[in-house]
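Only one structure is covered here, and it is reproduced in the block below.
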Amino acid sequence: LPIVATRVGGVPDVVRDDYSARLVPSEDDVALRATLARLRDDRTEAARLGCQAREESVRYSSATMAKRYGELYRQCHRPLSLV
């Protein structure tokens, strides 16, 4: 399914507008309704956004996040050089 979200906080950092989502200004119900109607009427665009959102979601899977945290912890745990 396509993502439709408001452009607040870290949302634009997680999904890319016009690539994996449609972002609308917060508290703009007119823009939200128009975006939802556009995607309802354009099934091809809705499917494209949904597929790209699914591909991008791999970045935030539990396996990917565990791997990234492990790498970060290993970098932070390097032995200190006393030289």
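In the structure tokens, chains take the letters A, B, ... in the order shown, each chain's residues start at 1, and ligands count up from 1 in the order shown.
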As a VMD selection string, list the residues of chain A assigned to strand (DSSP E) by DSSP on the backbone atoms of this structure.
-> chain A and resid 3 to 6 21 to 24
Quick one: everything within 12 Å of stretch 40-45 of chain A, counting only C-alpha atoms, minus sequence neighbours fewer than 6 positions away in the same chain. Send it as a ChimeraX atom specification.
-> /A:1-4,18-22,33-34,51-52
Spatial neighbours of A:Pro12, max dist 10 Å, only C-alpha atoms, sep filter under 4 positions, as a list of chain:residue names =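 Near neighbours after the sequence-gap exclusion: A:Ala5, A:Thr6, A:Arg7, A:Val8, A:Arg16, A:Asp17, A:Ala21, A:Arg22, A:Leu23.
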With C-alpha atoms retained, write the just-selected residues as a CSV table (one decimal), in the first residue's frame.
```csv
chain,number,residue,atom,x,y,z
A,5,ALA,CA,1.7,10.9,5.9
A,6,THR,CA,2.1,14.4,7.3
A,7,ARG,CA,5.4,16.2,6.9
A,8,VAL,CA,6.2,16.4,10.6
A,16,ARG,CA,10.9,10.0,0.7
A,17,ASP,CA,8.2,12.2,-0.8
A,21,ALA,CA,5.3,8.1,0.0
A,22,ARG,CA,3.2,11.2,-0.4
A,23,LEU,CA,3.8,13.7,2.3
```
From a DSSP pass on the backbone, collect the residues of chain A flagged as alpha helix (DSSP H) and hand them back as a PyMOL selection string.
-> chain A and resi 11-14+29-41+43-57+62-76
Atom CA of A:Val14 and atom CA of A:Tyr60, how far apart in Å?
->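 Between atom CA of A:Tyr60 and atom CA of A:Val14 the gap is 9.0 Å.
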Just give me the gap between atom CA of A:Val15 and atom CA of A:Glu56 in Å, one decimal is fine.
->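 Interatomic distance, atom CA of A:Val15 to atom CA of A:Glu56: 8.0 Å.
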